file model-v1.cif (mmCIF, C-alpha atoms and all ligand atoms)
data_coords
#
loop_
_atom_site.label_atom_id
_atom_site.label_comp_id
_atom_site.auth_asym_id
_atom_site.auth_seq_id
_atom_site.Cartn_x
_atom_site.Cartn_y
_atom_site.Cartn_z
CA MET U 1105 98.67 71.17 89.27
CA ALA U 1106 98.75 68.97 92.35
CA LEU U 1107 101.10 66.21 91.21
CA ASN U 1108 104.43 67.94 91.61
CA TRP U 1109 107.55 66.66 89.95
CA PRO U 1110 110.57 66.20 92.19
CA GLN U 1111 112.93 69.15 91.85
CA PRO U 1112 116.56 68.60 90.87
CA GLY U 1113 117.76 69.93 94.25
CA ASP U 1114 121.35 68.88 94.82
CA ALA U 1115 121.72 67.62 91.28
CA VAL U 1116 124.96 65.84 90.44
CA ASP U 1117 127.46 68.17 88.80
CA LEU U 1118 128.17 66.32 85.55
CA GLY U 1119 131.25 68.48 84.91
CA ARG U 1120 132.77 67.05 88.08
CA VAL U 1121 131.88 63.52 86.96
CA ASP U 1122 133.72 64.17 83.67
CA GLU U 1123 136.80 65.40 85.57
CA VAL U 1124 136.90 62.22 87.61
CA LEU U 1125 136.43 60.06 84.50
CA ASP U 1126 139.20 61.93 82.66
CA GLY U 1127 141.48 61.43 85.66
CA LEU U 1128 140.74 57.70 85.72
CA ALA U 1129 141.27 57.48 81.94
CA ASN U 1130 144.74 59.06 82.44
CA TRP U 1131 145.55 56.42 85.03
CA CYS U 1132 144.75 53.77 82.42
CA GLU U 1133 147.61 55.17 80.33
CA ALA U 1134 150.04 55.48 83.25
CA THR U 1135 152.15 52.38 83.11
CA ALA U 1136 154.39 53.68 85.93
CA LEU U 1137 151.39 54.02 88.21
CA LEU U 1138 149.62 50.83 87.14
CA PRO U 1139 152.24 48.46 85.75
CA ASP U 1140 149.82 45.54 85.48
CA GLN U 1141 148.27 45.65 82.01
CA GLU U 1142 145.26 43.56 83.03
CA THR U 1143 144.39 46.02 85.81
CA ARG U 1144 144.70 48.95 83.40
CA GLN U 1145 142.41 47.24 80.90
CA ARG U 1146 139.86 46.45 83.58
CA LEU U 1147 139.85 50.08 84.73
CA GLN U 1148 139.53 51.19 81.10
CA ARG U 1149 136.45 49.00 80.64
CA GLN U 1150 134.88 50.43 83.79
CA VAL U 1151 135.60 54.00 82.74
CA THR U 1152 133.95 53.28 79.37
CA ALA U 1153 130.90 51.75 81.08
CA VAL U 1154 130.50 54.76 83.41
CA ARG U 1155 130.89 57.17 80.47
CA GLU U 1156 128.01 55.39 78.72
CA LYS U 1157 125.84 55.74 81.81
CA ARG U 1158 126.76 59.40 82.09
CA GLU U 1159 125.67 59.96 78.47
CA GLN U 1160 122.33 58.33 79.29
CA LEU U 1161 121.80 60.94 82.02
CA LEU U 1162 121.51 63.52 79.27
CA SER U 1163 118.77 61.66 77.40
CA PRO U 1164 115.22 62.46 78.39
CA LEU U 1165 113.56 59.93 80.66
CA LEU U 1166 110.97 57.81 78.87
CA ILE U 1167 107.96 57.50 81.17
CA ALA U 1168 105.30 55.05 79.96
CA ILE U 1169 101.82 55.00 81.45
CA ILE U 1170 100.16 51.61 81.11
CA GLY U 1171 97.06 49.87 82.44
CA GLY U 1172 93.65 48.46 81.60
CA THR U 1173 91.02 50.35 79.68
CA GLY U 1174 89.43 53.30 81.41
CA VAL U 1175 91.59 53.20 84.55
CA GLY U 1176 92.63 56.81 83.98
CA LYS U 1177 95.97 56.57 82.15
CA SER U 1178 95.36 59.61 79.96
CA SER U 1179 93.91 61.50 82.92
CA LEU U 1180 97.04 60.74 84.95
CA LEU U 1181 99.22 61.90 82.08
CA ASN U 1182 97.32 65.19 82.08
CA ALA U 1183 97.74 65.51 85.84
CA LEU U 1184 101.49 64.94 85.51
CA ALA U 1185 101.68 67.41 82.64
CA GLY U 1186 99.63 69.94 84.62
CA GLY U 1187 97.17 70.43 81.77
CA PRO U 1188 94.87 68.55 79.42
CA ILE U 1189 97.33 67.48 76.73
CA ALA U 1190 95.90 63.96 76.28
CA ALA U 1191 92.32 63.07 75.35
CA ALA U 1192 90.60 61.35 78.27
CA SER U 1193 86.97 60.39 78.14
CA ALA U 1194 84.22 58.07 79.24
CA ARG U 1195 84.29 56.43 75.78
CA ARG U 1196 86.10 53.03 75.80
CA PRO U 1197 88.74 52.60 74.61
CA THR U 1198 89.75 56.22 74.17
CA THR U 1199 93.47 55.90 73.52
CA GLN U 1200 93.88 53.60 70.53
CA GLN U 1201 97.48 54.33 69.64
CA VAL U 1202 100.69 55.03 71.47
CA THR U 1203 101.01 58.77 71.93
CA VAL U 1204 104.28 60.44 72.81
CA TYR U 1205 104.23 63.84 74.53
CA LEU U 1206 107.45 65.73 74.18
CA HIS U 1207 108.64 69.27 74.52
CA GLU U 1208 108.92 71.24 71.30
CA ASP U 1209 112.61 71.97 72.05
CA ASN U 1210 113.38 68.33 72.63
CA LEU U 1211 115.99 67.31 70.17
CA LEU U 1212 115.31 63.63 70.46
CA ALA U 1213 114.37 62.39 67.01
CA LEU U 1214 111.64 59.85 67.46
CA GLU U 1215 110.85 57.91 64.37
CA PRO U 1216 107.08 57.62 64.16
CA GLY U 1217 107.04 53.86 63.95
CA GLU U 1218 104.55 51.40 65.25
CA TRP U 1219 105.23 52.25 68.89
CA ALA U 1220 105.25 56.02 68.42
CA ALA U 1221 102.19 56.32 66.28
CA ALA U 1222 101.42 59.87 67.32
CA GLN U 1223 103.52 62.70 68.72
CA VAL U 1224 102.22 65.71 70.55
CA ARG U 1225 104.62 68.59 71.07
CA HIS U 1226 104.06 70.83 74.06
CA GLN U 1227 105.72 73.79 75.74
CA ARG U 1228 105.72 72.70 79.36
CA ALA U 1229 109.23 73.58 80.51
CA GLU U 1230 109.16 71.20 83.49
CA LEU U 1231 108.81 68.27 81.08
CA LEU U 1232 111.84 69.09 78.93
CA ASP U 1233 113.83 66.12 80.21
CA ARG U 1234 110.86 63.75 80.50
CA ILE U 1235 108.93 62.21 77.67
CA LEU U 1236 105.50 61.00 78.67
CA ILE U 1237 104.03 58.14 76.69
CA ASP U 1238 100.35 57.29 76.80
CA THR U 1239 99.53 53.76 75.74
CA PRO U 1240 96.40 51.92 74.68
CA ASP U 1241 94.93 49.55 77.27
CA TYR U 1242 96.39 46.05 77.64
CA ASP U 1243 93.05 44.31 78.21
CA SER U 1244 91.07 45.29 75.14
CA VAL U 1245 89.70 42.73 72.69
CA ASP U 1246 91.92 44.43 70.10
CA LEU U 1247 95.18 42.54 70.72
CA SER U 1248 97.20 45.10 68.77
CA HIS U 1249 96.68 47.44 71.74
CA ARG U 1250 98.65 45.19 74.04
CA ARG U 1251 101.32 44.55 71.44
CA ARG U 1252 101.94 48.27 70.97
CA MET U 1253 101.93 48.87 74.70
CA GLN U 1254 104.55 46.12 75.20
CA THR U 1255 106.84 47.64 72.58
CA VAL U 1256 106.80 50.85 74.61
CA LEU U 1257 107.26 48.97 77.86
CA ALA U 1258 110.50 47.46 76.60
CA LEU U 1259 111.89 50.93 75.84
CA ALA U 1260 110.70 52.77 78.94
CA ASP U 1261 112.94 53.97 81.78
CA VAL U 1262 109.98 54.45 84.12
CA VAL U 1263 106.68 52.57 83.94
CA ILE U 1264 103.59 53.86 85.70
CA PHE U 1265 101.08 51.03 85.96
CA VAL U 1266 97.62 52.44 86.63
CA THR U 1267 94.78 50.43 88.08
CA THR U 1268 91.59 50.95 90.07
CA ARG U 1269 89.73 49.22 92.86
CA GLU U 1270 87.60 47.50 90.16
CA LYS U 1271 90.49 46.32 88.03
CA TYR U 1272 93.45 45.63 90.30
CA ALA U 1273 92.55 41.94 90.73
CA ASP U 1274 93.41 41.48 87.02
CA LEU U 1275 97.04 41.73 88.11
CA ALA U 1276 96.71 38.17 89.38
CA GLY U 1277 96.79 37.05 85.74
CA ALA U 1278 99.31 39.60 84.48
CA GLU U 1279 102.19 37.15 84.11
CA TRP U 1280 103.37 39.05 81.01
CA LEU U 1281 104.49 41.90 83.29
CA ARG U 1282 107.22 39.79 84.89
CA GLN U 1283 109.60 39.91 81.98
CA TYR U 1284 109.82 43.72 82.18
CA ARG U 1285 110.71 43.93 85.88
CA GLU U 1286 114.45 44.36 85.33
CA GLY U 1287 115.99 47.50 83.92
CA ARG U 1288 113.23 50.01 84.60
CA LEU U 1289 111.56 51.67 87.55
CA PHE U 1290 107.96 50.59 88.16
CA LEU U 1291 105.40 52.70 89.97
CA PHE U 1292 101.91 51.37 90.71
CA VAL U 1293 99.01 53.79 90.94
CA LEU U 1294 95.60 52.98 92.39
CA ASN U 1295 93.55 55.66 90.69
CA ARG U 1296 90.05 57.04 91.36
CA ALA U 1297 90.69 57.30 95.11
CA ASP U 1298 88.04 60.03 95.21
CA GLU U 1299 85.45 57.27 94.76
CA GLY U 1300 86.65 55.52 97.92
CA VAL U 1301 89.05 52.66 98.53
CA PRO U 1302 87.76 49.69 100.57
CA PRO U 1303 90.29 48.68 103.27
CA GLU U 1304 91.19 45.31 101.72
CA VAL U 1305 92.18 46.77 98.34
CA VAL U 1306 95.69 48.08 99.06
CA PRO U 1307 96.86 44.97 101.00
CA ASP U 1308 95.39 42.77 98.21
CA LEU U 1309 97.12 44.84 95.57
CA ARG U 1310 100.44 44.56 97.44
CA ARG U 1311 99.98 40.78 97.52
CA HIS U 1312 99.32 40.57 93.77
CA LEU U 1313 102.37 42.72 93.11
CA ALA U 1314 104.56 40.56 95.35
CA GLU U 1315 103.35 37.46 93.47
CA LEU U 1316 104.43 39.08 90.21
CA GLY U 1317 107.89 39.74 91.63
CA PHE U 1318 107.35 43.34 92.77
CA ALA U 1319 107.72 42.59 96.47
CA GLY U 1320 107.83 45.75 98.57
CA ALA U 1321 106.15 47.90 95.90
CA GLU U 1322 103.93 50.45 97.63
CA PRO U 1323 100.90 51.47 95.53
CA LEU U 1324 100.33 55.20 95.18
CA VAL U 1325 96.68 55.87 95.97
CA LEU U 1326 95.45 59.00 94.20
CA SER U 1327 92.88 60.63 91.99
CA ALA U 1328 94.12 61.83 88.62
CA THR U 1329 91.08 64.00 87.95
CA ALA U 1330 91.20 65.59 91.42
CA ALA U 1331 94.92 66.26 90.97
CA LEU U 1332 94.37 67.91 87.61
CA ALA U 1333 91.52 70.04 88.97
CA ALA U 1334 93.47 71.16 92.06
N1 LIG P 1401 86.19 59.84 89.51
C1 LIG P 1401 87.30 59.75 88.80
N2 LIG P 1401 87.25 59.58 87.47
C2 LIG P 1401 88.41 59.48 86.80
C3 LIG P 1401 89.68 59.55 87.42
N3 LIG P 1401 90.63 59.40 86.49
C4 LIG P 1401 90.00 59.25 85.32
N4 LIG P 1401 88.66 59.31 85.50
C5 LIG P 1401 87.62 59.23 84.46
O1 LIG P 1401 87.65 57.92 83.91
C6 LIG P 1401 87.36 57.97 82.52
C7 LIG P 1401 88.49 57.30 81.76
O2 LIG P 1401 89.67 58.07 81.92
P1 LIG P 1401 90.85 58.00 80.84
O3 LIG P 1401 91.94 58.86 81.39
O4 LIG P 1401 90.34 58.28 79.48
O5 LIG P 1401 91.24 56.45 80.96
P2 LIG P 1401 92.30 55.64 80.08
O6 LIG P 1401 92.94 54.65 80.99
O7 LIG P 1401 93.22 56.57 79.38
O8 LIG P 1401 91.33 54.89 79.05
P3 LIG P 1401 91.69 54.24 77.61
O9 LIG P 1401 92.43 55.26 76.83
O10 LIG P 1401 90.33 53.91 77.04
O11 LIG P 1401 92.46 53.00 77.88
C8 LIG P 1401 87.19 59.45 82.16
O12 LIG P 1401 85.81 59.74 82.12
C9 LIG P 1401 87.88 60.17 83.30
O13 LIG P 1401 87.34 61.46 83.55
C10 LIG P 1401 89.71 59.74 88.86
O14 LIG P 1401 90.76 59.84 89.51
N5 LIG P 1401 88.48 59.83 89.48
MG MG P 1402 93.61 56.81 77.41
#
call {"tool": "encode", "arguments": {"input": "model-v1.cif", "output": "structure tokens"}}
result
Amino acid sequence: MALNWPQPGDAVDLGRVDEVLDGLANWCEATALLPDQETRQRLQRQVTAVREKREQLLSPLLIAIIGGTGVGKSSLLNALAGGPIAAASARRPTTQQVTVYLHEDNLLALEPGEWAAAQVRHQRAELLDRILIDTPDYDSVDLSHRRRMQTVLALADVVIFVTTREKYADLAGAEWLRQYREGRLFLFVLNRADEGVPPEVVPDLRRHLAELGFAGAEPLVLSATAALAA
């Protein structure tokens, strides 16, 4: 597998975070230390907000892969998973429903609703805290594809937008993407790099992204199939 996940490295010690939060919560009670009630209440609200964020750190990251038909979304998912867990093929469109890939030990109970039409359990330990979601294309004539993809987009923590040198210009009309900019991390992948990338493509793609409000986004130029084969 050539697309390596970042390693936790110097991961934050959550036990230490809890100690600090408990200490701050005690201060909120200490009228001798903080006589001003308004200040104590403000601190209490902040402690509560940080506790909520800390809880979120324990939930698996929802990573949604989106893009036009045939750009290589399912292939990229396989490259990230390090094995062929999603069906990818030359048939268009291949992925017709949202498919959620999660570890068999993952305790997250996902209700198979409209957005999570299919679930595939796997045993890849490195994906325990990451749920990969493959979505149908957004540009098919079947409008339900885009609707389902957008439901996932709203829930995702990380969005990987996949495009190719043939399709990236479609971003010029992708106004719908704007509303999802806030609250999630976006990564933009220019796939099929093994087939060559003309020099104007990446600067053009950057320009389209800036026009959509993603100024400074640096496209990741790669080949999903080459990564999976490596
Ligand atoms: N040369 C090359 N082909 C690729 C690459 N990534 C995907 N493909 C091929 O492109 C075709 C479509 O790939 P998929 O991964 O099924 O694309 P998709 O975006 O999931 O397509 P839909 O599910 O129909 O929306 C398949 O035949 C893949 O083998 C790549 O990096 N290089
Ligand atoms: Mg697919």
call {"tool": "residues_around", "arguments": {"input": "model-v1.cif", "residues": "Arg1296 of chain U", "least_positions_apart": "2", "cutoff": "9 Å", "atoms": "all atoms listed in the file", "output": "VMD selection string"}}
result
chain U and resid 1175 to 1176 1267 to 1269 1294 1298 to 1301 1325 to 1330
call {"tool": "closest_residue", "arguments": {"input": "model-v1.cif", "among": "U:Pro1240, U:Pro1139, U:Pro1323, U:Gly1317", "to": "Leu1281 of chain U", "atoms": "only C-alpha atoms"}}
result
U:Gly1317
call {"tool": "closest_atom_pairs", "arguments": {"input": "model-v1.cif", "of": "chain U", "to": "ligand LIG 1401 (chain P)", "cutoff": "9 Å", "atoms": "all atoms listed in the file", "output": "Markdown table"}}
result
| residue | atom | partner | partner_atom | distance |
| --- | --- | --- | --- | --- |
| U:Ile1169 | CA | P:LIG1401 | O6 | 8.9 |
| U:Ile1170 | CA | P:LIG1401 | O6 | 7.8 |
| U:Gly1171 | CA | P:LIG1401 | O6 | 6.5 |
| U:Gly1172 | CA | P:LIG1401 | O11 | 6.0 |
| U:Thr1173 | CA | P:LIG1401 | O11 | 3.5 |
| U:Gly1174 | CA | P:LIG1401 | O8 | 3.4 |
| U:Val1175 | CA | P:LIG1401 | O6 | 4.1 |
| U:Gly1176 | CA | P:LIG1401 | O5 | 3.3 |
| U:Lys1177 | CA | P:LIG1401 | O6 | 3.8 |
| U:Ser1178 | CA | P:LIG1401 | O7 | 3.8 |
| U:Ser1179 | CA | P:LIG1401 | O3 | 3.6 |
| U:Leu1180 | CA | P:LIG1401 | O3 | 6.5 |
| U:Leu1181 | CA | P:LIG1401 | O3 | 7.9 |
| U:Asn1182 | CA | P:LIG1401 | O3 | 8.3 |
| U:Ala1190 | CA | P:LIG1401 | O3 | 8.2 |
| U:Ala1191 | CA | P:LIG1401 | O4 | 6.6 |
| U:Ala1192 | CA | P:LIG1401 | O4 | 3.3 |
| U:Ser1193 | CA | P:LIG1401 | C8 | 4.1 |
| U:Ala1194 | CA | P:LIG1401 | O12 | 3.7 |
| U:Arg1195 | CA | P:LIG1401 | O10 | 6.7 |
| U:Arg1196 | CA | P:LIG1401 | O10 | 4.5 |
| U:Pro1197 | CA | P:LIG1401 | O10 | 3.2 |
| U:Thr1198 | CA | P:LIG1401 | O10 | 3.7 |
| U:Thr1199 | CA | P:LIG1401 | O9 | 3.5 |
| U:Gln1200 | CA | P:LIG1401 | O9 | 6.7 |
| U:Gln1201 | CA | P:LIG1401 | O9 | 8.8 |
| U:Asp1238 | CA | P:LIG1401 | O7 | 7.6 |
| U:Thr1239 | CA | P:LIG1401 | O9 | 7.3 |
| U:Pro1240 | CA | P:LIG1401 | O11 | 5.2 |
| U:Asp1241 | CA | P:LIG1401 | O11 | 4.3 |
| U:Tyr1242 | CA | P:LIG1401 | O11 | 8.0 |
| U:Asp1243 | CA | P:LIG1401 | O11 | 8.7 |
| U:Ser1244 | CA | P:LIG1401 | O11 | 8.3 |
| U:Val1266 | CA | P:LIG1401 | O6 | 7.7 |
| U:Thr1267 | CA | P:LIG1401 | O6 | 8.5 |
| U:Thr1268 | CA | P:LIG1401 | O14 | 8.9 |
| U:Leu1294 | CA | P:LIG1401 | O14 | 8.9 |
| U:Asn1295 | CA | P:LIG1401 | O14 | 5.2 |
| U:Arg1296 | CA | P:LIG1401 | O14 | 3.4 |
| U:Ala1297 | CA | P:LIG1401 | O14 | 6.1 |
| U:Asp1298 | CA | P:LIG1401 | N5 | 5.8 |
| U:Glu1299 | CA | P:LIG1401 | N1 | 5.9 |
| U:Leu1326 | CA | P:LIG1401 | O14 | 6.7 |
| U:Ser1327 | CA | P:LIG1401 | O14 | 3.4 |
| U:Ala1328 | CA | P:LIG1401 | O14 | 4.0 |
| U:Thr1329 | CA | P:LIG1401 | O14 | 4.5 |
| U:Ala1330 | CA | P:LIG1401 | O14 | 6.1 |
| U:Ala1331 | CA | P:LIG1401 | O14 | 7.8 |
call {"tool": "write_last_selection", "arguments": {"input": "model-v1.cif", "atoms": "C-alpha atoms", "output": "PDB file, in the coordinates of the input"}}
result
ATOM      1  CA  ILE U1169     101.820  55.000  81.450  1.00  0.00           C
ATOM      2  CA  ILE U1170     100.160  51.610  81.110  1.00  0.00           C
ATOM      3  CA  GLY U1171      97.060  49.870  82.440  1.00  0.00           C
ATOM      4  CA  GLY U1172      93.650  48.460  81.600  1.00  0.00           C
ATOM      5  CA  THR U1173      91.020  50.350  79.680  1.00  0.00           C
ATOM      6  CA  GLY U1174      89.430  53.300  81.410  1.00  0.00           C
ATOM      7  CA  VAL U1175      91.590  53.200  84.550  1.00  0.00           C
ATOM      8  CA  GLY U1176      92.630  56.810  83.980  1.00  0.00           C
ATOM      9  CA  LYS U1177      95.970  56.570  82.150  1.00  0.00           C
ATOM     10  CA  SER U1178      95.360  59.610  79.960  1.00  0.00           C
ATOM     11  CA  SER U1179      93.910  61.500  82.920  1.00  0.00           C
ATOM     12  CA  LEU U1180      97.040  60.740  84.950  1.00  0.00           C
ATOM     13  CA  LEU U1181      99.220  61.900  82.080  1.00  0.00           C
ATOM     14  CA  ASN U1182      97.320  65.190  82.080  1.00  0.00           C
ATOM     15  CA  ALA U1190      95.900  63.960  76.280  1.00  0.00           C
ATOM     16  CA  ALA U1191      92.320  63.070  75.350  1.00  0.00           C
ATOM     17  CA  ALA U1192      90.600  61.350  78.270  1.00  0.00           C
ATOM     18  CA  SER U1193      86.970  60.390  78.140  1.00  0.00           C
ATOM     19  CA  ALA U1194      84.220  58.070  79.240  1.00  0.00           C
ATOM     20  CA  ARG U1195      84.290  56.430  75.780  1.00  0.00           C
ATOM     21  CA  ARG U1196      86.100  53.030  75.800  1.00  0.00           C
ATOM     22  CA  PRO U1197      88.740  52.600  74.610  1.00  0.00           C
ATOM     23  CA  THR U1198      89.750  56.220  74.170  1.00  0.00           C
ATOM     24  CA  THR U1199      93.470  55.900  73.520  1.00  0.00           C
ATOM     25  CA  GLN U1200      93.880  53.600  70.530  1.00  0.00           C
ATOM     26  CA  GLN U1201      97.480  54.330  69.640  1.00  0.00           C
ATOM     27  CA  ASP U1238     100.350  57.290  76.800  1.00  0.00           C
ATOM     28  CA  THR U1239      99.530  53.760  75.740  1.00  0.00           C
ATOM     29  CA  PRO U1240      96.400  51.920  74.680  1.00  0.00           C
ATOM     30  CA  ASP U1241      94.930  49.550  77.270  1.00  0.00           C
ATOM     31  CA  TYR U1242      96.390  46.050  77.640  1.00  0.00           C
ATOM     32  CA  ASP U1243      93.050  44.310  78.210  1.00  0.00           C
ATOM     33  CA  SER U1244      91.070  45.290  75.140  1.00  0.00           C
ATOM     34  CA  VAL U1266      97.620  52.440  86.630  1.00  0.00           C
ATOM     35  CA  THR U1267      94.780  50.430  88.080  1.00  0.00           C
ATOM     36  CA  THR U1268      91.590  50.950  90.070  1.00  0.00           C
ATOM     37  CA  LEU U1294      95.600  52.980  92.390  1.00  0.00           C
ATOM     38  CA  ASN U1295      93.550  55.660  90.690  1.00  0.00           C
ATOM     39  CA  ARG U1296      90.050  57.040  91.360  1.00  0.00           C
ATOM     40  CA  ALA U1297      90.690  57.300  95.110  1.00  0.00           C
ATOM     41  CA  ASP U1298      88.040  60.030  95.210  1.00  0.00           C
ATOM     42  CA  GLU U1299      85.450  57.270  94.760  1.00  0.00           C
ATOM     43  CA  LEU U1326      95.450  59.000  94.200  1.00  0.00           C
ATOM     44  CA  SER U1327      92.880  60.630  91.990  1.00  0.00           C
ATOM     45  CA  ALA U1328      94.120  61.830  88.620  1.00  0.00           C
ATOM     46  CA  THR U1329      91.080  64.000  87.950  1.00  0.00           C
ATOM     47  CA  ALA U1330      91.200  65.590  91.420  1.00  0.00           C
ATOM     48  CA  ALA U1331      94.920  66.260  90.970  1.00  0.00           C
TER      49      ALA U1331
END
call {"tool": "atom_distance", "arguments": {"input": "model-v1.cif", "atom1": "atom CA of Glu1123 of chain U", "atom2": "atom CA of Thr1143 of chain U"}}
result
20.8 Å
call {"tool": "closest_residue", "arguments": {"input": "model-v1.cif", "among": "U:Leu1137, U:Ile1167, U:Leu1231, U:Met1253", "to": "ligand MG 1402 (chain P)", "atoms": "all atoms listed in the file"}}
result
U:Met1253
call {"tool": "closest_residue", "arguments": {"input": "model-v1.cif", "among": "U:Thr1135, U:Gln1227, U:Thr1203, U:Gln1145", "to": "ligand MG 1402 (chain P)", "atoms": "all atoms listed in the file"}}
result
U:Thr1203
call {"tool": "atom_distance", "arguments": {"input": "model-v1.cif", "atom1": "atom CA of Ala1183 of chain U", "atom2": "atom CA of Glu1270 of chain U"}}
result
21.1 Å
call {"tool": "closest_residue", "arguments": {"input": "model-v1.cif", "among": "U:Leu1166, U:Ile1237, U:Ala1136, U:Leu1259", "to": "ligand MG 1402 (chain P)", "atoms": "only C-alpha atoms and all ligand atoms"}}
result
U:Ile1237
call {"tool": "atom_distance", "arguments": {"input": "model-v1.cif", "atom1": "atom CA of Leu1275 of chain U", "atom2": "atom CA of Val1204 of chain U"}}
result
25.2 Å
call {"tool": "closest_residue", "arguments": {"input": "model-v1.cif", "among": "U:Ala1334, U:Glu1304, U:Ala1278, U:Ile1189", "to": "ligand MG 1402 (chain P)", "atoms": "only C-alpha atoms and all ligand atoms"}}
result
U:Ile1189
call {"tool": "residues_around", "arguments": {"input": "model-v1.cif", "residues": "Arg1310 of chain U", "least_positions_apart": "6", "cutoff": "8 Å", "atoms": "all atoms listed in the file", "output": "PyMOL selection string"}}
result
chain U and resi 1319-1323
call {"tool": "axis_aligned_box", "arguments": {"input": "model-v1.cif", "around": "segment 1252-1264 of chain U", "padding_each_side": "8 Å", "output": "AutoDock Vina command-line options"}}
result
--center_x 107.4 --center_y 50.3 --center_z 78.3 --size_x 27.0 --size_y 24.3 --size_z 30.7
call {"tool": "residues_around", "arguments": {"input": "model-v1.cif", "residues": "Leu1232 of chain U", "least_positions_apart": "2", "cutoff": "12 Å", "atoms": "all atoms listed in the file", "output": "ChimeraX atom specification"}}
result
/U:1162-1166,1185,1205-1212,1225-1230,1234-1236
call {"tool": "closest_residue", "arguments": {"input": "model-v1.cif", "among": "U:Val1293, U:Ala1314, U:Leu1324, U:Val1202", "to": "ligand MG 1402 (chain P)", "atoms": "all atoms listed in the file"}}
result
U:Val1202
call {"tool": "residues_around", "arguments": {"input": "model-v1.cif", "residues": "Arg1158 of chain U", "least_positions_apart": "4", "cutoff": "12 Å", "atoms": "all atoms listed in the file", "output": "ChimeraX atom specification"}}
result
/U:1116-1122,1124-1125,1151-1154,1162-1163
call {"tool": "decode", "arguments": {"input": "model-v1.cif", "residues": "segment 1298-1309 of chain U", "atoms": "N, CA and C atoms", "output": "PDB file, in the first residue's frame"}}
result
ATOM      1  N   ASP U1298      -0.925   8.955 -13.582  1.00  0.00           N
ATOM      2  CA  ASP U1298      -0.111   8.045 -14.409  1.00  0.00           C
ATOM      3  C   ASP U1298      -0.365   8.280 -15.894  1.00  0.00           C
ATOM      4  N   GLU U1299      -1.504   8.892 -16.232  1.00  0.00           N
ATOM      5  CA  GLU U1299      -1.804   9.145 -17.647  1.00  0.00           C
ATOM      6  C   GLU U1299      -1.254  10.495 -18.116  1.00  0.00           C
ATOM      7  N   GLY U1300      -0.556  11.186 -17.214  1.00  0.00           N
ATOM      8  CA  GLY U1300       0.042  12.471 -17.568  1.00  0.00           C
ATOM      9  C   GLY U1300      -0.834  13.641 -17.148  1.00  0.00           C
ATOM     10  N   VAL U1301      -0.173  14.729 -16.756  1.00  0.00           N
ATOM     11  CA  VAL U1301      -0.905  15.926 -16.330  1.00  0.00           C
ATOM     12  C   VAL U1301      -0.337  17.123 -17.088  1.00  0.00           C
ATOM     13  N   PRO U1302      -1.066  17.654 -18.080  1.00  0.00           N
ATOM     14  CA  PRO U1302      -0.564  18.826 -18.802  1.00  0.00           C
ATOM     15  C   PRO U1302      -0.275  19.983 -17.839  1.00  0.00           C
ATOM     16  N   PRO U1303       0.737  20.811 -18.156  1.00  0.00           N
ATOM     17  CA  PRO U1303       1.216  21.806 -17.182  1.00  0.00           C
ATOM     18  C   PRO U1303       0.162  22.820 -16.725  1.00  0.00           C
ATOM     19  N   GLU U1304      -0.849  23.091 -17.563  1.00  0.00           N
ATOM     20  CA  GLU U1304      -1.817  24.125 -17.167  1.00  0.00           C
ATOM     21  C   GLU U1304      -2.856  23.599 -16.162  1.00  0.00           C
ATOM     22  N   VAL U1305      -2.934  22.278 -16.009  1.00  0.00           N
ATOM     23  CA  VAL U1305      -4.054  21.703 -15.248  1.00  0.00           C
ATOM     24  C   VAL U1305      -4.039  22.110 -13.768  1.00  0.00           C
ATOM     25  N   VAL U1306      -2.878  21.942 -13.116  1.00  0.00           N
ATOM     26  CA  VAL U1306      -2.862  22.222 -11.669  1.00  0.00           C
ATOM     27  C   VAL U1306      -3.115  23.717 -11.381  1.00  0.00           C
ATOM     28  N   PRO U1307      -2.439  24.647 -12.108  1.00  0.00           N
ATOM     29  CA  PRO U1307      -2.754  26.063 -11.868  1.00  0.00           C
ATOM     30  C   PRO U1307      -4.233  26.389 -12.125  1.00  0.00           C
ATOM     31  N   ASP U1308      -4.797  25.791 -13.191  1.00  0.00           N
ATOM     32  CA  ASP U1308      -6.222  26.007 -13.500  1.00  0.00           C
ATOM     33  C   ASP U1308      -7.107  25.492 -12.377  1.00  0.00           C
ATOM     34  N   LEU U1309      -6.761  24.302 -11.896  1.00  0.00           N
ATOM     35  CA  LEU U1309      -7.538  23.700 -10.812  1.00  0.00           C
ATOM     36  C   LEU U1309      -7.471  24.582  -9.564  1.00  0.00           C
TER      37      LEU U1309
END
